[in-house]
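What follows is data-v5.pdb (PDB, C-alpha atoms and all ligand atoms).
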```pdb
ATOM      1  CA  MET A1459       0.000   0.000   0.000
ATOM      2  CA  LYS A1460       1.192   3.521  -0.787
ATOM      3  CA  ILE A1461      -0.220   6.249   1.455
ATOM      4  CA  GLY A1462      -0.034   9.980   0.764
ATOM      5  CA  VAL A1463      -0.494  12.311   3.751
ATOM      6  CA  LEU A1464      -2.241  15.498   2.601
ATOM      7  CA  PRO A1465      -2.479  18.652   4.749
ATOM      8  CA  ILE A1466      -5.738  20.606   4.461
ATOM      9  CA  GLY A1467      -5.372  24.217   5.546
ATOM     10  CA  ARG A1468      -2.661  24.979   8.109
ATOM     11  CA  VAL A1469      -1.132  21.863   9.664
ATOM     12  CA  ASP A1470       2.172  21.592  11.559
ATOM     13  CA  HIS A1471       4.656  19.835   9.245
ATOM     14  CA  ALA A1472       6.284  18.021  12.188
ATOM     15  CA  VAL A1473       2.947  16.320  12.874
ATOM     16  CA  LEU A1474       2.681  15.198   9.241
ATOM     17  CA  LEU A1475       6.163  13.672   9.429
ATOM     18  CA  ARG A1476       5.249  11.841  12.617
ATOM     19  CA  LEU A1477       2.104  10.469  10.966
ATOM     20  CA  LYS A1478       4.188   9.267   8.032
ATOM     21  CA  GLY A1479       6.535   7.447  10.438
ATOM     22  CA  GLY A1480       3.682   5.948  12.446
ATOM     23  CA  LEU A1481       1.783   4.691   9.402
ATOM     24  CA  THR A1482       4.888   3.128   7.882
ATOM     25  CA  ARG A1483       5.655   1.340  11.149
ATOM     26  CA  VAL A1484       2.194  -0.133  11.662
ATOM     27  CA  PHE A1485       1.264  -1.423   8.203
ATOM     28  CA  PRO A1486       2.936  -4.385   6.520
ATOM     29  CA  ASP A1487       4.251  -3.793   2.972
ATOM     30  CA  THR A1488       3.488  -0.085   3.011
ATOM     31  CA  SER A1489       5.249   3.149   2.134
ATOM     32  CA  CYS A1490       4.071   6.595   3.091
ATOM     33  CA  VAL A1491       4.890  10.102   1.869
ATOM     34  CA  VAL A1492       3.865  13.585   2.911
ATOM     35  CA  VAL A1493       2.685  14.979  -0.437
ATOM     36  CA  ASP A1494       4.052  18.279  -1.753
ATOM     37  CA  GLU A1495       0.630  19.776  -2.340
ATOM     38  CA  LYS A1496      -1.857  21.020   0.200
ATOM     39  CA  ILE A1497      -5.469  21.919  -0.280
ATOM     40  CA  PRO A1498      -7.253  24.845   1.372
ATOM     41  CA  LEU A1499      -9.793  24.333   4.113
ATOM     42  CA  SER A1500     -13.133  24.893   2.392
ATOM     43  CA  GLU A1501     -15.243  27.720   3.799
ATOM     44  CA  THR A1502     -18.374  26.066   2.420
ATOM     45  CA  ALA A1503     -17.709  23.128   4.771
ATOM     46  CA  PHE A1504     -17.997  25.469   7.779
ATOM     47  CA  ASN A1505     -21.213  25.388   9.812
ATOM     48  CA  LYS A1506     -21.630  28.827  11.396
ATOM     49  CA  GLU A1507     -24.063  27.744  14.125
ATOM     50  CA  ARG A1508     -21.895  24.877  15.310
ATOM     51  CA  LYS A1509     -18.584  26.646  14.579
ATOM     52  CA  GLN A1510     -17.313  23.360  13.186
ATOM     53  CA  HIS A1511     -16.454  22.007   9.748
ATOM     54  CA  ARG A1512     -18.492  19.264   8.142
ATOM     55  CA  SER A1513     -16.215  16.261   8.049
ATOM     56  CA  HIS A1514     -18.008  14.688   5.118
ATOM     57  CA  ALA A1515     -17.499  17.736   2.896
ATOM     58  CA  ILE A1516     -13.757  17.783   3.598
ATOM     59  CA  LEU A1517     -13.526  14.025   3.053
ATOM     60  CA  GLY A1518     -15.151  14.621  -0.349
ATOM     61  CA  GLU A1519     -12.305  16.973  -1.255
ATOM     62  CA  VAL A1520      -9.734  14.410  -0.127
ATOM     63  CA  GLN A1521     -11.556  11.902  -2.318
ATOM     64  CA  GLY A1522     -11.317  14.278  -5.298
ATOM     65  CA  TYR A1523      -7.581  14.650  -4.707
ATOM     66  CA  ALA A1524      -7.108  10.888  -4.263
ATOM     67  CA  VAL A1525      -8.715  10.112  -7.616
ATOM     68  CA  LYS A1526      -6.204  12.369  -9.394
ATOM     69  CA  LYS A1527      -3.145  11.334  -7.354
ATOM     70  CA  THR A1528      -2.266   8.050  -9.031
ATOM     71  CA  SER A1529       1.188   7.684  -7.399
ATOM     72  CA  VAL A1530      -0.473   6.581  -4.125
ATOM     73  CA  ASN A1531      -3.428   4.268  -3.533
ATOM     74  CA  ARG A1532      -4.611   5.834  -0.276
ATOM     75  CA  VAL A1533      -4.745   9.490   0.814
ATOM     76  CA  LEU A1534      -4.992  10.577   4.438
ATOM     77  CA  GLY A1535      -6.184  14.162   4.735
ATOM     78  CA  VAL A1536      -5.195  15.979   7.934
ATOM     79  CA  VAL A1537      -7.028  19.039   9.262
ATOM     80  CA  ASP A1538      -6.451  21.095  12.382
ATOM     81  CA  THR A1539     -10.002  22.262  12.891
ATOM     82  CA  ASP A1540     -13.023  20.917  14.765
ATOM     83  CA  THR A1541     -15.118  18.543  12.615
ATOM     84  CA  PHE A1542     -18.513  16.899  12.934
ATOM     85  CA  VAL A1543     -20.995  14.655  11.185
ATOM     86  CA  PRO A1544     -24.762  15.075  11.687
ATOM     87  CA  GLY A1545     -25.849  13.151  14.773
ATOM     88  CA  LEU A1546     -22.483  13.381  16.550
ATOM     89  CA  ASN A1547     -21.043  16.299  18.529
ATOM     90  CA  PHE A1548     -17.669  15.860  16.847
ATOM     91  CA  VAL A1549     -15.525  13.282  15.059
ATOM     92  CA  PHE A1550     -11.818  12.458  15.294
ATOM     93  CA  GLY A1551     -11.932  11.328  11.665
ATOM     94  CA  GLU A1552     -13.879   9.738   8.854
ATOM     95  CA  ALA A1553     -13.083   7.492   5.905
ATOM     96  CA  ALA A1554     -14.510   5.855   2.828
ATOM     97  CA  CYS A1555     -15.070   2.210   3.817
ATOM     98  CA  PRO A1556     -13.796   0.885   1.508
ATOM     99  CA  GLY A1557     -12.268   3.632  -0.632
ATOM    100  CA  LYS A1558      -9.166   5.708  -1.277
ATOM    101  CA  ALA A1559      -9.737   8.630   1.085
ATOM    102  CA  ALA A1560      -9.451   9.077   4.848
ATOM    103  CA  LEU A1561      -9.477  12.150   7.066
ATOM    104  CA  ILE A1562      -8.387  12.939  10.620
ATOM    105  CA  SER A1563      -8.845  16.066  12.685
ATOM    106  CA  LEU A1564      -6.098  17.025  15.148
ATOM    107  CA  TRP A1565      -8.331  19.505  16.973
ATOM    108  CA  ARG A1566      -9.576  17.322  19.832
ATOM    109  CA  LEU A1567      -6.410  15.265  20.232
ATOM    110  CA  ARG A1568      -4.466  17.867  22.212
ATOM    111  CA  PRO A1569      -4.449  17.405  25.998
ATOM    112  CA  GLU A1570      -5.019  21.182  26.277
ATOM    113  CA  SER A1571      -8.479  20.663  24.715
ATOM    114  CA  TYR A1572      -9.432  18.854  27.941
ATOM    115  CA  GLY A1573      -7.873  21.340  30.372
ATOM    116  CA  GLU A1574      -4.708  19.258  30.720
ATOM    117  CA  SER A1575      -1.158  20.482  30.292
ATOM    118  CA  PHE A1576       0.675  20.525  26.945
ATOM    119  CA  ASN A1577       2.039  17.090  26.068
ATOM    120  CA  MET A1578       3.376  16.810  22.531
ATOM    121  CA  GLU A1579       4.145  13.115  22.801
ATOM    122  CA  LEU A1580       0.627  12.209  23.947
ATOM    123  CA  PHE A1581      -0.854  14.386  21.190
ATOM    124  CA  LEU A1582       1.283  12.698  18.510
ATOM    125  CA  GLU A1583       0.498   9.208  19.820
ATOM    126  CA  ARG A1584      -3.211   9.988  19.578
ATOM    127  CA  ALA A1585      -2.794  11.371  16.067
ATOM    128  CA  VAL A1586      -1.022   8.198  14.869
ATOM    129  CA  LYS A1587      -3.767   5.995  16.374
ATOM    130  CA  GLU A1588      -6.538   7.938  14.661
ATOM    131  CA  ALA A1589      -4.580   8.033  11.371
ATOM    132  CA  VAL A1590      -4.080   4.261  11.386
ATOM    133  CA  HIS A1591      -7.745   3.762  12.333
ATOM    134  CA  GLU A1592      -9.073   5.827   9.421
ATOM    135  CA  VAL A1593      -6.677   4.370   6.842
ATOM    136  CA  VAL A1594      -7.739   0.861   7.908
ATOM    137  CA  HIS A1595     -11.368   1.799   7.272
ATOM    138  CA  THR A1596     -10.381   2.471   3.636
ATOM    139  CA  LEU A1597      -9.384  -1.208   3.429
ATOM    140  CA  GLY A1598     -12.975  -2.122   4.253
ATOM    141  CA  LEU A1599     -12.486  -2.996   7.935
ATOM    142  CA  ARG A1600     -15.183  -1.874  10.352
ATOM    143  CA  HIS A1601     -15.050  -1.345  14.106
ATOM    144  CA  CYS A1602     -13.598  -3.955  16.434
ATOM    145  CA  SER A1603     -14.929  -4.827  19.899
ATOM    146  CA  HIS A1604     -11.452  -5.176  21.492
ATOM    147  CA  PRO A1605     -10.844  -1.948  23.448
ATOM    148  CA  SER A1606      -7.075  -2.109  22.831
ATOM    149  CA  CYS A1607      -7.327  -2.695  19.067
ATOM    150  CA  VAL A1608      -6.692   0.324  16.851
ATOM    151  CA  MET A1609     -10.028  -0.397  15.137
ATOM    152  CA  HIS A1610     -12.013   0.161  18.334
ATOM    153  CA  PHE A1611     -14.378   3.134  17.935
ATOM    154  CA  SER A1612     -13.363   6.269  19.858
ATOM    155  CA  ASN A1613     -16.436   7.903  21.288
ATOM    156  CA  SER A1614     -14.225  10.067  23.508
ATOM    157  CA  ILE A1615     -10.515  10.768  23.937
ATOM    158  CA  SER A1616     -10.274   8.170  26.738
ATOM    159  CA  ASP A1617     -11.153   5.473  24.172
ATOM    160  CA  THR A1618      -8.285   6.722  22.022
ATOM    161  CA  ASP A1619      -5.932   6.588  25.011
ATOM    162  CA  ILE A1620      -6.965   3.018  25.886
ATOM    163  CA  LYS A1621      -6.465   1.660  22.380
ATOM    164  CA  GLN A1622      -3.045   1.028  20.869
ATOM    165  CA  SER A1623      -1.803   2.022  17.427
ATOM    166  CA  LEU A1624      -1.660  -1.739  16.697
ATOM    167  CA  PHE A1625      -4.243  -4.302  15.591
ATOM    168  CA  CYS A1626      -5.726  -7.282  17.401
ATOM    169  CA  ASP A1627      -4.835 -10.569  15.667
ATOM    170  CA  ALA A1628      -8.078 -10.751  13.662
ATOM    171  CA  CYS A1629      -7.859  -7.150  12.396
ATOM    172  CA  TYR A1630      -4.150  -7.570  11.576
ATOM    173  CA  LEU A1631      -4.914 -10.590   9.419
ATOM    174  CA  HIS A1632      -7.836  -8.860   7.716
ATOM    175  CA  ALA A1633      -5.746  -5.706   7.036
ATOM    176  CA  LYS A1634      -2.786  -7.728   5.767
ATOM    177  CA  ILE A1635      -4.960  -9.640   3.299
ATOM    178  CA  SER A1636      -6.608  -6.405   2.104
ATOM    179  CA  ILE A1637      -3.213  -4.714   1.610
ATOM    180  CA  HIS A1638      -1.921  -7.742  -0.277
ATOM    181  CA  LYS A1639      -4.879  -7.544  -2.668
ATOM    182  CA  LEU A1640      -3.960  -3.947  -3.541
ATOM    183  CA  ARG A1641      -0.765  -5.093  -5.247
TER
HETATM  184 ZN    ZN A1701     -13.920   4.231  12.916
HETATM  185 ZN    ZN A1702      -9.429  -5.628  16.148
END
```

Can you present the structure in this file as structure tokens?
Ligand SMILES: [Zn+2]
Ligand SMILES: [Zn+2]
Amino acid sequence: MKIGVLPIGRVDHAVLLRLKGGLTRVFPDTSCVVVDEKIPLSETAFNKERKQHRSHAILGEVQGYAVKKTSVNRVLGVVDTDTFVPGLNFVFGEAACPGKAALISLWRLRPESYGESFNMELFLERAVKEAVHEVVHTLGLRHCSHPSCVMHFSNSISDTDIKQSLFCDACYLHAKISIHKLR
């Protein structure tokens, strides 16, 4: 699998590099690049009442980019803004399941968002977990009931902290087979 990491709007480059490293480490037979391009954060995706961006609209733009970018077979969009889908207060990310495009939001991964002190390492660990989670959705995997598996659904940040950036045995096997089929 070849993954391109795509910043949307302003995103710290050091975070993108960490995501690249984390994704490469977790997936078998996979390379990852931070792409040269970036796309702007769409104003039409902004909901003024909620003061949040519609995740699905941004994912659609990632999808549009992914179709054109033939040098990779998956694109992970990264935004640093608060995102939501109708019916949920917020989302950490969203992905086509299966598909080529995934999206994560860094906004609610910072300890400072919960009144805790700055902790770059914790923030980056959370970002890698959510990045792996969304990219795995693009392989067609759905949520896993094991709380420590990266495919466990994060309803809140404590779920993200409990899960690892790694798979349970069943999800690992499923992901490995799906990645193998891409080649
Ligand atoms: Zn999920
Ligand atoms: Zn699992």

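Residues of protein, DNA or RNA having any atom at most 6 Å from ligand ZN 1702 (chain A), counting all atoms listed in the file, are Cys1602, His1604, Cys1607, Met1609, Phe1625, Cys1626, Ala1628 and Cys1629 of chain A.
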
Please enclose the listed atoms of range 1590-1606 of chain A in an axis-aligned box, pad each side by 4 Å, and write out the centre and the three edge lengths in Å, rounded to one decimal, as JSON.
```
{"center_x": -9.6, "center_y": 0.3, "center_z": 13.4, "size_x": 19.1, "size_y": 19.0, "size_z": 28.0}
```

Selection result of the PyMOL selection byres (((not hetatm)) within 8 of (chain A and resi 1701)) on this file, as a PyMOL selection string: chain A and resi 1551-1553+1591-1592+1595+1600-1601+1609-1612

Closest-contact table, range 1596-1640 of chain A side, partner range 1580-1583 of chain A, 12 Å, counting only C-alpha atoms, as JSON lines:
```
{"residue": "A:Val1608", "atom": "CA", "partner": "A:Glu1583", "partner_atom": "CA", "distance": 11.8}
{"residue": "A:Ile1615", "atom": "CA", "partner": "A:Phe1581", "partner_atom": "CA", "distance": 10.7}
{"residue": "A:Ser1616", "atom": "CA", "partner": "A:Leu1580", "partner_atom": "CA", "distance": 12.0}
{"residue": "A:Thr1618", "atom": "CA", "partner": "A:Glu1583", "partner_atom": "CA", "distance": 9.4}
{"residue": "A:Asp1619", "atom": "CA", "partner": "A:Glu1583", "partner_atom": "CA", "distance": 8.7}
{"residue": "A:Ile1620", "atom": "CA", "partner": "A:Glu1583", "partner_atom": "CA", "distance": 11.4}
{"residue": "A:Lys1621", "atom": "CA", "partner": "A:Glu1583", "partner_atom": "CA", "distance": 10.6}
{"residue": "A:Gln1622", "atom": "CA", "partner": "A:Glu1583", "partner_atom": "CA", "distance": 9.0}
{"residue": "A:Ser1623", "atom": "CA", "partner": "A:Glu1583", "partner_atom": "CA", "distance": 7.9}
{"residue": "A:Leu1624", "atom": "CA", "partner": "A:Glu1583", "partner_atom": "CA", "distance": 11.6}
```

File of the preceding selection, C-alpha atoms, as a PDB file, keeping the file's coordinate frame:
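And here's selection-v4.pdb as it stands now:
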```
ATOM      1  CA  VAL A1608      -6.692   0.324  16.851  1.00  0.00           C
ATOM      2  CA  ILE A1615     -10.515  10.768  23.937  1.00  0.00           C
ATOM      3  CA  SER A1616     -10.274   8.170  26.738  1.00  0.00           C
ATOM      4  CA  THR A1618      -8.285   6.722  22.022  1.00  0.00           C
ATOM      5  CA  ASP A1619      -5.932   6.588  25.011  1.00  0.00           C
ATOM      6  CA  ILE A1620      -6.965   3.018  25.886  1.00  0.00           C
ATOM      7  CA  LYS A1621      -6.465   1.660  22.380  1.00  0.00           C
ATOM      8  CA  GLN A1622      -3.045   1.028  20.869  1.00  0.00           C
ATOM      9  CA  SER A1623      -1.803   2.022  17.427  1.00  0.00           C
ATOM     10  CA  LEU A1624      -1.660  -1.739  16.697  1.00  0.00           C
TER      11      LEU A1624
END
```

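Nearest residue to Lys1639 in chain A among A:Ser1563, A:Asn1531, A:Asn1613, A:Ser1571 is A:Asn1531, counting only C-alpha atoms.
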
Could you get me a file of range 1513-1536 of chain A with N, CA and C atoms, as a compact mmCIF listing (two decimals), in the first residue's frame, taken from the block above?
```txt
# COMPACT_ATOMS: atom_id res chain seq x y z
N SER A 1513 -17.23 17.25 8.38
CA SER A 1513 -16.22 16.26 8.05
C SER A 1513 -16.44 15.67 6.67
N HIS A 1514 -17.70 15.38 6.36
CA HIS A 1514 -18.01 14.69 5.12
C HIS A 1514 -17.65 15.54 3.89
N ALA A 1515 -17.83 16.84 4.02
CA ALA A 1515 -17.50 17.74 2.90
C ALA A 1515 -15.99 17.75 2.66
N ILE A 1516 -15.23 17.78 3.75
CA ILE A 1516 -13.76 17.78 3.60
C ILE A 1516 -13.28 16.43 3.06
N LEU A 1517 -13.89 15.36 3.56
CA LEU A 1517 -13.53 14.03 3.05
C LEU A 1517 -13.78 13.95 1.55
N GLY A 1518 -14.85 14.59 1.08
CA GLY A 1518 -15.15 14.62 -0.35
C GLY A 1518 -14.03 15.28 -1.15
N GLU A 1519 -13.42 16.31 -0.56
CA GLU A 1519 -12.31 16.97 -1.25
C GLU A 1519 -11.07 16.08 -1.27
N VAL A 1520 -10.86 15.36 -0.18
CA VAL A 1520 -9.73 14.41 -0.13
C VAL A 1520 -9.96 13.34 -1.20
N GLN A 1521 -11.20 12.91 -1.31
CA GLN A 1521 -11.56 11.90 -2.32
C GLN A 1521 -11.24 12.42 -3.73
N GLY A 1522 -11.60 13.67 -3.99
CA GLY A 1522 -11.32 14.28 -5.30
C GLY A 1522 -9.82 14.31 -5.58
N TYR A 1523 -9.04 14.63 -4.56
CA TYR A 1523 -7.58 14.65 -4.71
C TYR A 1523 -7.06 13.23 -4.95
N ALA A 1524 -7.59 12.27 -4.20
CA ALA A 1524 -7.11 10.89 -4.26
C ALA A 1524 -7.32 10.28 -5.65
N VAL A 1525 -8.42 10.64 -6.28
CA VAL A 1525 -8.71 10.11 -7.62
C VAL A 1525 -7.64 10.56 -8.61
N LYS A 1526 -7.19 11.82 -8.45
CA LYS A 1526 -6.20 12.37 -9.39
C LYS A 1526 -4.78 11.92 -9.08
N LYS A 1527 -4.51 11.64 -7.80
CA LYS A 1527 -3.15 11.33 -7.35
C LYS A 1527 -2.89 9.84 -7.54
N THR A 1528 -2.39 9.48 -8.72
CA THR A 1528 -2.27 8.05 -9.03
C THR A 1528 -0.98 7.42 -8.46
N SER A 1529 -0.07 8.25 -7.93
CA SER A 1529 1.19 7.68 -7.40
C SER A 1529 0.99 7.04 -6.02
N VAL A 1530 -0.16 7.25 -5.41
CA VAL A 1530 -0.47 6.58 -4.13
C VAL A 1530 -1.84 5.90 -4.26
N ASN A 1531 -2.08 4.87 -3.44
CA ASN A 1531 -3.43 4.27 -3.53
C ASN A 1531 -4.31 4.59 -2.33
N ARG A 1532 -3.78 5.32 -1.36
CA ARG A 1532 -4.61 5.83 -0.28
C ARG A 1532 -4.16 7.25 0.05
N VAL A 1533 -5.10 8.14 0.38
CA VAL A 1533 -4.74 9.49 0.81
C VAL A 1533 -5.36 9.76 2.18
N LEU A 1534 -4.51 10.18 3.11
CA LEU A 1534 -4.99 10.58 4.44
C LEU A 1534 -4.95 12.10 4.51
N GLY A 1535 -6.11 12.72 4.53
CA GLY A 1535 -6.18 14.16 4.74
C GLY A 1535 -6.05 14.47 6.23
N VAL A 1536 -5.38 15.59 6.54
CA VAL A 1536 -5.19 15.98 7.93
C VAL A 1536 -5.64 17.43 8.09
```
